[in-house]
Every structure is written in structure tokens, then in C-alpha cells.
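Colleague: Sharing data-v7.cif here; it has mmCIF, C-alpha atoms; chains and numbers go by the auth columns.
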data_data
#
loop_
_atom_site.group_PDB
_atom_site.id
_atom_site.type_symbol
_atom_site.label_atom_id
_atom_site.label_comp_id
_atom_site.label_asym_id
_atom_site.label_seq_id
_atom_site.Cartn_x
_atom_site.Cartn_y
_atom_site.Cartn_z
_atom_site.B_iso_or_equiv
_atom_site.auth_seq_id
_atom_site.auth_asym_id
ATOM 1 C CA MET A 1 -37.660 -50.354 3.956 0.00 1 A
ATOM 2 C CA LEU A 2 -35.699 -49.269 0.881 0.00 2 A
ATOM 3 C CA SER A 3 -36.801 -50.388 -2.529 0.00 3 A
ATOM 4 C CA LEU A 4 -34.357 -51.114 -5.325 0.00 4 A
ATOM 5 C CA THR A 5 -35.157 -47.815 -7.045 0.00 5 A
ATOM 6 C CA SER A 6 -34.822 -45.506 -4.057 0.00 6 A
ATOM 7 C CA ARG A 7 -31.433 -44.292 -2.930 0.00 7 A
ATOM 8 C CA PRO A 8 -30.527 -43.566 0.679 0.00 8 A
ATOM 9 C CA PRO A 9 -30.253 -39.848 1.461 0.00 9 A
ATOM 10 C CA ILE A 10 -26.832 -38.240 1.411 0.00 10 A
ATOM 11 C CA PHE A 11 -25.254 -38.196 4.864 0.00 11 A
ATOM 12 C CA TYR A 12 -25.470 -34.624 6.204 0.00 12 A
ATOM 13 C CA GLY A 13 -21.792 -34.692 7.194 0.00 13 A
ATOM 14 C CA TRP A 14 -20.826 -34.506 3.513 0.00 14 A
ATOM 15 C CA TYR A 15 -22.519 -31.104 3.309 0.00 15 A
ATOM 16 C CA ILE A 16 -20.355 -30.049 6.246 0.00 16 A
ATOM 17 C CA VAL A 17 -17.311 -31.266 4.285 0.00 17 A
ATOM 18 C CA GLY A 18 -18.386 -29.029 1.377 0.00 18 A
ATOM 19 C CA ILE A 19 -18.679 -26.035 3.699 0.00 19 A
ATOM 20 C CA ALA A 20 -15.278 -26.792 5.258 0.00 20 A
ATOM 21 C CA PHE A 21 -13.739 -27.206 1.787 0.00 21 A
ATOM 22 C CA SER A 22 -15.114 -23.784 0.771 0.00 22 A
ATOM 23 C CA ALA A 23 -14.022 -22.183 4.047 0.00 23 A
ATOM 24 C CA ASN A 24 -10.476 -23.488 3.642 0.00 24 A
ATOM 25 C CA PHE A 25 -10.489 -22.385 -0.001 0.00 25 A
ATOM 26 C CA LEU A 26 -11.460 -18.818 0.920 0.00 26 A
ATOM 27 C CA ALA A 27 -9.325 -18.521 4.051 0.00 27 A
ATOM 28 C CA THR A 28 -6.086 -19.806 2.538 0.00 28 A
ATOM 29 C CA GLY A 29 -6.709 -18.283 -0.860 0.00 29 A
ATOM 30 C CA THR A 30 -7.353 -14.743 0.319 0.00 30 A
ATOM 31 C CA GLY A 31 -4.674 -14.680 2.990 0.00 31 A
ATOM 32 C CA PHE A 32 -1.868 -16.351 1.093 0.00 32 A
ATOM 33 C CA TYR A 33 -2.302 -17.202 -2.584 0.00 33 A
ATOM 34 C CA ALA A 34 -4.176 -14.113 -3.825 0.00 34 A
ATOM 35 C CA PHE A 35 -1.444 -11.925 -2.353 0.00 35 A
ATOM 36 C CA ASN A 36 0.722 -12.726 -5.390 0.00 36 A
ATOM 37 C CA ALA A 37 -1.892 -11.215 -7.685 0.00 37 A
ATOM 38 C CA LEU A 38 -2.105 -8.083 -5.517 0.00 38 A
ATOM 39 C CA LEU A 39 1.630 -7.316 -5.294 0.00 39 A
ATOM 40 C CA GLU A 40 2.170 -5.404 -8.533 0.00 40 A
ATOM 41 C CA PRO A 41 -1.100 -3.435 -8.420 0.00 41 A
ATOM 42 C CA LEU A 42 -0.427 -2.421 -4.795 0.00 42 A
ATOM 43 C CA TYR A 43 3.099 -1.414 -5.708 0.00 43 A
ATOM 44 C CA ALA A 44 1.771 0.709 -8.566 0.00 44 A
ATOM 45 C CA LEU A 45 -1.012 2.197 -6.426 0.00 45 A
ATOM 46 C CA ARG A 46 0.939 3.074 -3.279 0.00 46 A
ATOM 47 C CA GLY A 47 4.596 2.889 -4.263 0.00 47 A
ATOM 48 C CA TRP A 48 5.384 0.462 -1.435 0.00 48 A
ATOM 49 C CA ASN A 49 8.244 -1.901 -2.218 0.00 49 A
ATOM 50 C CA ARG A 50 8.099 -5.706 -2.109 0.00 50 A
ATOM 51 C CA THR A 51 9.752 -5.843 1.299 0.00 51 A
ATOM 52 C CA ASP A 52 7.087 -3.542 2.734 0.00 52 A
ATOM 53 C CA LEU A 53 4.312 -5.604 1.175 0.00 53 A
ATOM 54 C CA ASN A 54 5.724 -8.994 2.158 0.00 54 A
ATOM 55 C CA LEU A 55 6.152 -7.855 5.743 0.00 55 A
ATOM 56 C CA ALA A 56 2.341 -7.735 5.882 0.00 56 A
ATOM 57 C CA MET A 57 2.225 -11.504 5.332 0.00 57 A
ATOM 58 C CA ALA A 58 4.721 -12.071 8.135 0.00 58 A
ATOM 59 C CA ILE A 59 2.697 -9.894 10.499 0.00 59 A
ATOM 60 C CA GLY A 60 -0.512 -11.570 9.411 0.00 60 A
ATOM 61 C CA THR A 61 0.979 -15.024 9.972 0.00 61 A
ATOM 62 C CA VAL A 62 1.931 -14.158 13.551 0.00 62 A
ATOM 63 C CA PHE A 63 -1.599 -12.914 14.249 0.00 63 A
ATOM 64 C CA GLY A 64 -3.066 -15.959 12.524 0.00 64 A
ATOM 65 C CA PHE A 65 -1.029 -18.378 14.648 0.00 65 A
ATOM 66 C CA LEU A 66 -1.803 -16.560 17.887 0.00 66 A
ATOM 67 C CA SER A 67 -5.509 -16.445 17.095 0.00 67 A
ATOM 68 C CA GLN A 68 -5.603 -20.246 16.761 0.00 68 A
ATOM 69 C CA TYR A 69 -5.048 -20.583 20.511 0.00 69 A
ATOM 70 C CA VAL A 70 -8.034 -18.346 21.149 0.00 70 A
ATOM 71 C CA TYR A 71 -10.208 -20.130 18.576 0.00 71 A
ATOM 72 C CA GLY A 72 -9.379 -23.537 20.050 0.00 72 A
ATOM 73 C CA THR A 73 -10.859 -22.391 23.348 0.00 73 A
ATOM 74 C CA LEU A 74 -13.784 -20.551 21.771 0.00 74 A
ATOM 75 C CA LEU A 75 -14.768 -23.601 19.716 0.00 75 A
ATOM 76 C CA ILE A 76 -15.762 -25.366 22.907 0.00 76 A
ATOM 77 C CA ARG A 77 -17.628 -22.373 24.305 0.00 77 A
ATOM 78 C CA ILE A 78 -19.463 -20.839 21.351 0.00 78 A
ATOM 79 C CA GLY A 79 -19.245 -23.437 18.595 0.00 79 A
ATOM 80 C CA VAL A 80 -18.196 -23.608 14.972 0.00 80 A
ATOM 81 C CA LYS A 81 -21.061 -21.641 13.381 0.00 81 A
ATOM 82 C CA ARG A 82 -20.418 -18.409 15.236 0.00 82 A
ATOM 83 C CA LEU A 83 -16.695 -18.537 14.637 0.00 83 A
ATOM 84 C CA MET A 84 -17.115 -19.210 10.918 0.00 84 A
ATOM 85 C CA LEU A 85 -19.587 -16.343 10.600 0.00 85 A
ATOM 86 C CA PHE A 86 -17.195 -14.036 12.455 0.00 86 A
ATOM 87 C CA GLY A 87 -14.289 -15.221 10.301 0.00 87 A
ATOM 88 C CA ALA A 88 -16.125 -14.743 7.013 0.00 88 A
ATOM 89 C CA VAL A 89 -17.271 -11.224 7.857 0.00 89 A
ATOM 90 C CA THR A 90 -13.938 -10.151 9.379 0.00 90 A
ATOM 91 C CA GLY A 91 -11.779 -11.698 6.655 0.00 91 A
ATOM 92 C CA GLY A 92 -14.027 -10.456 3.846 0.00 92 A
ATOM 93 C CA THR A 93 -14.107 -6.925 5.227 0.00 93 A
ATOM 94 C CA ALA A 94 -10.329 -6.890 5.643 0.00 94 A
ATOM 95 C CA PHE A 95 -9.839 -8.152 2.078 0.00 95 A
ATOM 96 C CA ILE A 96 -12.053 -5.357 0.760 0.00 96 A
ATOM 97 C CA LEU A 97 -9.968 -2.810 2.708 0.00 97 A
ATOM 98 C CA ILE A 98 -6.582 -3.938 1.316 0.00 98 A
ATOM 99 C CA PRO A 99 -6.305 -1.391 -1.528 0.00 99 A
ATOM 100 C CA ARG A 100 -8.286 1.276 0.325 0.00 100 A
ATOM 101 C CA VAL A 101 -5.859 2.074 3.150 0.00 101 A
ATOM 102 C CA PRO A 102 -3.418 4.889 2.346 0.00 102 A
ATOM 103 C CA HIS A 103 -0.709 4.215 4.943 0.00 103 A
ATOM 104 C CA LEU A 104 1.572 1.218 5.302 0.00 104 A
ATOM 105 C CA TRP A 105 0.843 0.735 9.005 0.00 105 A
ATOM 106 C CA GLN A 106 -2.861 0.561 8.163 0.00 106 A
ATOM 107 C CA PHE A 107 -2.095 -2.052 5.507 0.00 107 A
ATOM 108 C CA TYR A 108 -0.304 -4.133 8.145 0.00 108 A
ATOM 109 C CA LEU A 109 -3.266 -3.769 10.491 0.00 109 A
ATOM 110 C CA VAL A 110 -5.702 -4.835 7.749 0.00 110 A
ATOM 111 C CA TYR A 111 -3.555 -7.850 6.911 0.00 111 A
ATOM 112 C CA ALA A 112 -3.397 -8.850 10.592 0.00 112 A
ATOM 113 C CA LEU A 113 -7.193 -8.569 10.675 0.00 113 A
ATOM 114 C CA LEU A 114 -7.443 -10.665 7.490 0.00 114 A
ATOM 115 C CA TYR A 115 -5.356 -13.475 8.966 0.00 115 A
ATOM 116 C CA THR A 116 -7.236 -13.294 12.261 0.00 116 A
ATOM 117 C CA GLY A 117 -10.566 -13.556 10.455 0.00 117 A
ATOM 118 C CA ASN A 118 -9.346 -16.303 8.141 0.00 118 A
ATOM 119 C CA GLY A 119 -8.249 -18.304 11.178 0.00 119 A
ATOM 120 C CA ALA A 120 -11.827 -18.310 12.424 0.00 120 A
ATOM 121 C CA LEU A 121 -13.120 -19.387 9.024 0.00 121 A
ATOM 122 C CA GLY A 122 -10.842 -22.235 7.963 0.00 122 A
ATOM 123 C CA GLY A 123 -8.139 -24.340 9.543 0.00 123 A
ATOM 124 C CA ILE A 124 -8.897 -25.636 13.018 0.00 124 A
ATOM 125 C CA VAL A 125 -12.470 -24.341 12.961 0.00 125 A
ATOM 126 C CA ALA A 126 -13.405 -26.001 9.663 0.00 126 A
ATOM 127 C CA GLY A 127 -11.529 -29.142 10.681 0.00 127 A
ATOM 128 C CA THR A 128 -13.463 -29.354 13.938 0.00 128 A
ATOM 129 C CA ALA A 129 -16.757 -29.078 12.068 0.00 129 A
ATOM 130 C CA VAL A 130 -15.813 -32.052 9.897 0.00 130 A
ATOM 131 C CA ASN A 131 -14.362 -34.000 12.803 0.00 131 A
ATOM 132 C CA ASN A 132 -17.639 -33.680 14.734 0.00 132 A
ATOM 133 C CA TRP A 133 -19.596 -35.389 11.948 0.00 133 A
ATOM 134 C CA PHE A 134 -17.397 -38.358 11.074 0.00 134 A
ATOM 135 C CA VAL A 135 -16.018 -41.439 12.742 0.00 135 A
ATOM 136 C CA ARG A 136 -15.631 -44.168 10.086 0.00 136 A
ATOM 137 C CA LYS A 137 -14.723 -41.996 7.090 0.00 137 A
ATOM 138 C CA ARG A 138 -13.064 -39.194 9.052 0.00 138 A
ATOM 139 C CA GLY A 139 -9.757 -39.359 7.144 0.00 139 A
ATOM 140 C CA LYS A 140 -11.442 -39.158 3.761 0.00 140 A
ATOM 141 C CA ALA A 141 -13.697 -36.317 4.923 0.00 141 A
ATOM 142 C CA MET A 142 -10.784 -34.343 6.389 0.00 142 A
ATOM 143 C CA GLY A 143 -8.749 -34.887 3.223 0.00 143 A
ATOM 144 C CA ILE A 144 -11.518 -33.524 1.022 0.00 144 A
ATOM 145 C CA ALA A 145 -12.104 -30.561 3.346 0.00 145 A
ATOM 146 C CA THR A 146 -8.437 -29.588 3.440 0.00 146 A
ATOM 147 C CA ALA A 147 -8.076 -29.975 -0.336 0.00 147 A
ATOM 148 C CA GLY A 148 -9.773 -26.577 -0.548 0.00 148 A
ATOM 149 C CA MET A 149 -6.504 -25.025 0.616 0.00 149 A
ATOM 150 C CA SER A 150 -4.584 -26.469 -2.324 0.00 150 A
ATOM 151 C CA LEU A 151 -7.246 -25.763 -4.915 0.00 151 A
ATOM 152 C CA SER A 152 -7.302 -22.122 -3.853 0.00 152 A
ATOM 153 C CA GLY A 153 -3.656 -21.887 -4.893 0.00 153 A
ATOM 154 C CA ALA A 154 -4.588 -22.863 -8.435 0.00 154 A
ATOM 155 C CA LEU A 155 -7.795 -20.870 -8.827 0.00 155 A
ATOM 156 C CA LEU A 156 -7.821 -17.770 -6.628 0.00 156 A
ATOM 157 C CA PRO A 157 -4.691 -15.984 -7.921 0.00 157 A
ATOM 158 C CA LEU A 158 -5.831 -16.479 -11.515 0.00 158 A
ATOM 159 C CA SER A 159 -9.338 -15.292 -10.634 0.00 159 A
ATOM 160 C CA ALA A 160 -7.901 -12.278 -8.831 0.00 160 A
ATOM 161 C CA LEU A 161 -5.707 -11.390 -11.827 0.00 161 A
ATOM 162 C CA ILE A 162 -8.682 -11.593 -14.181 0.00 162 A
ATOM 163 C CA LEU A 163 -10.790 -9.458 -11.853 0.00 163 A
ATOM 164 C CA ILE A 164 -7.980 -6.910 -11.490 0.00 164 A
ATOM 165 C CA ARG A 165 -7.676 -6.692 -15.254 0.00 165 A
ATOM 166 C CA TYR A 166 -11.374 -6.020 -15.810 0.00 166 A
ATOM 167 C CA ALA A 167 -12.510 -4.370 -12.561 0.00 167 A
ATOM 168 C CA GLY A 168 -9.320 -2.867 -11.172 0.00 168 A
ATOM 169 C CA LEU A 169 -7.686 -3.621 -7.832 0.00 169 A
ATOM 170 C CA SER A 170 -10.497 -2.129 -5.746 0.00 170 A
ATOM 171 C CA GLY A 171 -13.166 -3.924 -7.755 0.00 171 A
ATOM 172 C CA ALA A 172 -11.346 -7.253 -7.492 0.00 172 A
ATOM 173 C CA THR A 173 -10.916 -7.053 -3.723 0.00 173 A
ATOM 174 C CA LEU A 174 -14.523 -5.919 -3.364 0.00 174 A
ATOM 175 C CA CYS A 175 -15.782 -8.896 -5.373 0.00 175 A
ATOM 176 C CA ILE A 176 -13.684 -11.507 -3.562 0.00 176 A
ATOM 177 C CA GLY A 177 -14.297 -9.917 -0.154 0.00 177 A
ATOM 178 C CA ALA A 178 -18.055 -9.808 -0.791 0.00 178 A
ATOM 179 C CA ILE A 179 -18.006 -13.514 -1.677 0.00 179 A
ATOM 180 C CA MET A 180 -16.305 -14.179 1.649 0.00 180 A
ATOM 181 C CA ILE A 181 -18.839 -12.106 3.571 0.00 181 A
ATOM 182 C CA LEU A 182 -21.741 -13.808 1.795 0.00 182 A
ATOM 183 C CA PHE A 183 -20.233 -17.178 2.692 0.00 183 A
ATOM 184 C CA GLY A 184 -20.775 -16.369 6.382 0.00 184 A
ATOM 185 C CA PRO A 185 -24.546 -17.005 6.378 0.00 185 A
ATOM 186 C CA VAL A 186 -24.010 -20.181 4.333 0.00 186 A
ATOM 187 C CA ALA A 187 -21.595 -21.457 6.981 0.00 187 A
ATOM 188 C CA TRP A 188 -24.082 -20.482 9.689 0.00 188 A
ATOM 189 C CA LEU A 189 -26.845 -22.536 8.088 0.00 189 A
#
Go ahead and render the structure in this file as C-alpha cells.
Modeller:
Amino acid sequence: MLSLTSRPPIFYGWYIVGIAFSANFLATGTGFYAFNALLEPLYALRGWNRTDLNLAMAIGTVFGFLSQYVYGTLLIRIGVKRLMLFGAVTGGTAFILIPRVPHLWQFYLVYALLYTGNGALGGIVAGTAVNNWFVRKRGKAMGIATAGMSLSGALLPLSALILIRYAGLSGATLCIGAIMILFGPVAWL
């Protein structure tokens, strides 16, 4: 029996919402929004033009969409935790590699890997995790979880620009990519 001074424990599903929010923040932010902060430094580093660089996003988007079909099937077979761990490690590693590849075709490959990994971290995978925990407040929970995508548009490019200014392009991608990789075990737990 609850007394007037004790509060009921927080429903565990809200922790899942926090993880899904963070996963969507990292997946969308690193694949889409942070790209704007990387354009000029990549141009200066490699001499690739904007068309070359933006083609990477188009290639990545195709791989990201195609991977969603695979992840939808794998969700049923292996579960959310394994996919999110795979996505965090794959996406984080690819983000670290962005300024480190010398050839344009390798850059396209890394960006395809980034979008493939990000697809296993956020989106349908994170949404399924939230969906499995809620019935009554499912809409509210899904709304909060997907808000991470929008917030990443406000925070991640600015953070990336600050990191690039003080740590350089390689240091910035290393820092953000390492955060993604370290998020993997958090998602697993």
C-alpha cells in the first residue's frame, strides 16, 4: 500500500523512450544534419565539390531505405537490443571514417555504411522498442521518442561546428563517432 509521502516508481517504458529519443537524435543528426557542418571542411581537405559531397547523402539514403526492409524482418528474429548495438557501432565507426578516406568512392561507401548503421539505431528500430512498452500512452511516448530527430537538427550541427573549430575535422568526427559507439552498450542495457 502506498503512503501519501511515497511516490510510485517511474514506469520502465519511459526509460525506453529516453533511449529511443537518444538513438533518433544520434542517427538522424549524424546522417543528415551534421553533414552541413562537414561540407566546407571536407571541401578544403579533399577538394571535392559540393555535388560530389551531396551525392554521398543520396547514396546513403538509398542504402538507408533498403536496410529498413531487412531491419523490419530482423526485429522479429533477433530483437531491438542487438540491432541498436549493431547500429551504434556501425554508424559511429562510419562517422569516424568520414574525413579519413582519401578517395571519393570510399567516402560514398562510408556514407552508405553510416546510413545503414543509423537505420539499425533509430527509426523503425527505436520506434518498435517504444511501441512494445506502451498501450495507453503510446502516442505521447512515440512523439517524445521521435522528437530526438528534430532536436538533433538544432544541436548537432552547432556542436559539430564547435568541435571542428577546436579539434579539427578528424577530432570532431572522432568525438561524435565515439559518443555513438559508446551509446551502443547503453542501448543494450
Colleague: To verify the selection step, state as a PyMOL selection string which residues the PyMOL selection byres ((chain A and resi 141-155) around 6) yields on this input.
Modeller: chain A and resi 17+20-21+24-25+28-29+33+138-140+156-158
Colleague: Looking at A:Phe95, A:Tyr108, A:Phe11, A:Tyr69, which one is nearest to Val125 of chain A, with distances taken over all atoms listed in the file?
Modeller: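 Using all atoms listed in the file, the shortest distance to Val125 of chain A belongs to A:Tyr69.
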Colleague: Of the candidates A:Gly87, A:Gly119, A:Gly168, A:Gly127, which one gets nearest to Gly184 of chain A if we count all atoms listed in the file?
Modeller: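 Of A:Gly87, A:Gly119, A:Gly168, A:Gly127, the one nearest Gly184 of chain A is A:Gly87, counting all atoms listed in the file.
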Colleague: Could you jot down the atom CA of Gly31 of chain A to atom CA of Leu109 of chain A separation for me, Å, one decimal place?
Modeller: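 Separating atom CA of Gly31 of chain A from atom CA of Leu109 of chain A is a distance of 13.3 Å.
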Colleague: Between atom CA of Tyr71 of chain A and atom CA of Lys137 of chain A, what is the distance in Å, rounded to a tenth?
Modeller: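 Interatomic distance, atom CA of Tyr71 of chain A to atom CA of Lys137 of chain A: 25.1 Å.
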Colleague: Please list, as a PyMOL selection string, the residues that have an atom at most 10 Å away from (6.2, -3.2, 2.5) in the coordinates of this file, counting only C-alpha atoms.
Modeller: chain A and resi 39+42-43+47-57+104-105+107-108
Colleague: Quick check on the file I pasted: which residues fall under the PyMOL selection byres ((chain A and resi 170-174) around 9)? Write them as a list in words.
Modeller: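 Selected by the PyMOL selection byres ((chain A and resi 170-174) around 9) in this file: Gly92, Thr93, Phe95, Ile96, Leu97, Ile98, Pro99, Arg100, Ser159, Ala160, Leu161, Ile162, Leu163, Ile164, Arg165, Tyr166, Ala167, Gly168, Leu169, Cys175, Ile176, Gly177, Ala178 and Ile179 of chain A.
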Colleague: Keeping only C-alpha atoms, write the selected residues as a PDB file, in the frame of the given file.
Modeller:
ATOM      1  CA  GLY A  92     -14.027 -10.456   3.846  1.00  0.00           C
ATOM      2  CA  THR A  93     -14.107  -6.925   5.227  1.00  0.00           C
ATOM      3  CA  PHE A  95      -9.839  -8.152   2.078  1.00  0.00           C
ATOM      4  CA  ILE A  96     -12.053  -5.357   0.760  1.00  0.00           C
ATOM      5  CA  LEU A  97      -9.968  -2.810   2.708  1.00  0.00           C
ATOM      6  CA  ILE A  98      -6.582  -3.938   1.316  1.00  0.00           C
ATOM      7  CA  PRO A  99      -6.305  -1.391  -1.528  1.00  0.00           C
ATOM      8  CA  ARG A 100      -8.286   1.276   0.325  1.00  0.00           C
ATOM      9  CA  SER A 159      -9.338 -15.292 -10.634  1.00  0.00           C
ATOM     10  CA  ALA A 160      -7.901 -12.278  -8.831  1.00  0.00           C
ATOM     11  CA  LEU A 161      -5.707 -11.390 -11.827  1.00  0.00           C
ATOM     12  CA  ILE A 162      -8.682 -11.593 -14.181  1.00  0.00           C
ATOM     13  CA  LEU A 163     -10.790  -9.458 -11.853  1.00  0.00           C
ATOM     14  CA  ILE A 164      -7.980  -6.910 -11.490  1.00  0.00           C
ATOM     15  CA  ARG A 165      -7.676  -6.692 -15.254  1.00  0.00           C
ATOM     16  CA  TYR A 166     -11.374  -6.020 -15.810  1.00  0.00           C
ATOM     17  CA  ALA A 167     -12.510  -4.370 -12.561  1.00  0.00           C
ATOM     18  CA  GLY A 168      -9.320  -2.867 -11.172  1.00  0.00           C
ATOM     19  CA  LEU A 169      -7.686  -3.621  -7.832  1.00  0.00           C
ATOM     20  CA  CYS A 175     -15.782  -8.896  -5.373  1.00  0.00           C
ATOM     21  CA  ILE A 176     -13.684 -11.507  -3.562  1.00  0.00           C
ATOM     22  CA  GLY A 177     -14.297  -9.917  -0.154  1.00  0.00           C
ATOM     23  CA  ALA A 178     -18.055  -9.808  -0.791  1.00  0.00           C
ATOM     24  CA  ILE A 179     -18.006 -13.514  -1.677  1.00  0.00           C
TER      25      ILE A 179
END
Colleague: Segment 47-59 of chain A, all listed atoms, 5 Å padding on each side: what axis-aligned box centre and edge lengths in Å to one decimal come out, as AutoDock Vina command-line options?
Modeller:
--center_x 6.0 --center_y -4.6 --center_z 3.1 --size_x 17.5 --size_y 25.0 --size_z 24.8
Colleague: Rounded to one decimal, what separation in Å do you get between atom CA of Ile78 of chain A and atom CA of Ile181 of chain A?
Modeller: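 Atom-to-atom, atom CA of Ile78 of chain A and atom CA of Ile181 of chain A are spaced 19.8 Å apart.
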Colleague: Since I can't run it myself right now, could you work out what the PyMOL selection byres ((chain A and resi 84) around 8) selects here and report it as a PDB file with C-alpha atoms, in the coordinates of the input?
Modeller:
ATOM      1  CA  VAL A  80     -18.196 -23.608  14.972  1.00  0.00           C
ATOM      2  CA  LYS A  81     -21.061 -21.641  13.381  1.00  0.00           C
ATOM      3  CA  ARG A  82     -20.418 -18.409  15.236  1.00  0.00           C
ATOM      4  CA  LEU A  83     -16.695 -18.537  14.637  1.00  0.00           C
ATOM      5  CA  LEU A  85     -19.587 -16.343  10.600  1.00  0.00           C
ATOM      6  CA  PHE A  86     -17.195 -14.036  12.455  1.00  0.00           C
ATOM      7  CA  GLY A  87     -14.289 -15.221  10.301  1.00  0.00           C
ATOM      8  CA  ALA A  88     -16.125 -14.743   7.013  1.00  0.00           C
ATOM      9  CA  ALA A 120     -11.827 -18.310  12.424  1.00  0.00           C
ATOM     10  CA  LEU A 121     -13.120 -19.387   9.024  1.00  0.00           C
ATOM     11  CA  GLY A 122     -10.842 -22.235   7.963  1.00  0.00           C
ATOM     12  CA  VAL A 125     -12.470 -24.341  12.961  1.00  0.00           C
ATOM     13  CA  ALA A 126     -13.405 -26.001   9.663  1.00  0.00           C
ATOM     14  CA  GLY A 184     -20.775 -16.369   6.382  1.00  0.00           C
ATOM     15  CA  ALA A 187     -21.595 -21.457   6.981  1.00  0.00           C
ATOM     16  CA  TRP A 188     -24.082 -20.482   9.689  1.00  0.00           C
TER      17      TRP A 188
END
Colleague: Which one of A:His103, A:Val130, A:Met180, A:Gln68 sits closest to Gly18 of chain A if you count only C-alpha atoms?
Modeller: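 The answer is A:Val130, which sits nearest to Gly18 of chain A.
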